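Student: Okay, handing you the structure first.
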Amino acid sequence: MLVYEGIKRDFLNDVVNDYIAESIENKIREMMHRKTLKNEFRSG
């Protein structure tokens, strides 16, 4: 399953701005219709 889609510049910006985890969580919610568990989120 593809959980991040974008160009390299956007990916690097998301990492630097500490937004990558939230971006992936939002994609999982969108595609799987479920919320990521807190422990699962923190383990990434």
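Simple scheme: letters A, B, ... for chains in structure tokens order, numbers from 1 for residues in each chain, numbers from 1 for ligands in the order shown.
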A:Asn26: which residues within 12 Å, counting only C-alpha atoms, same-chain residues fewer than 3 positions away excluded, as JSON, numbers by chain?

Tutor: {"A": [3, 4, 5, 19, 20, 21, 22, 23, 29, 30, 31, 32, 33, 34, 35, 36, 41]}

Student: Name the residues of chain A that fall into alpha helix (DSSP H) according to DSSP on the backbone, using the chain letters and numbers of this document, as a ChimeraX atom specification.

Tutor: /A:8-16,20-32,38-43

Student: Please indicate the distance in Å from atom CA of A:Asn13 to atom CA of A:Ile28, rounded to one decimal place.

Tutor: 19.8 Å
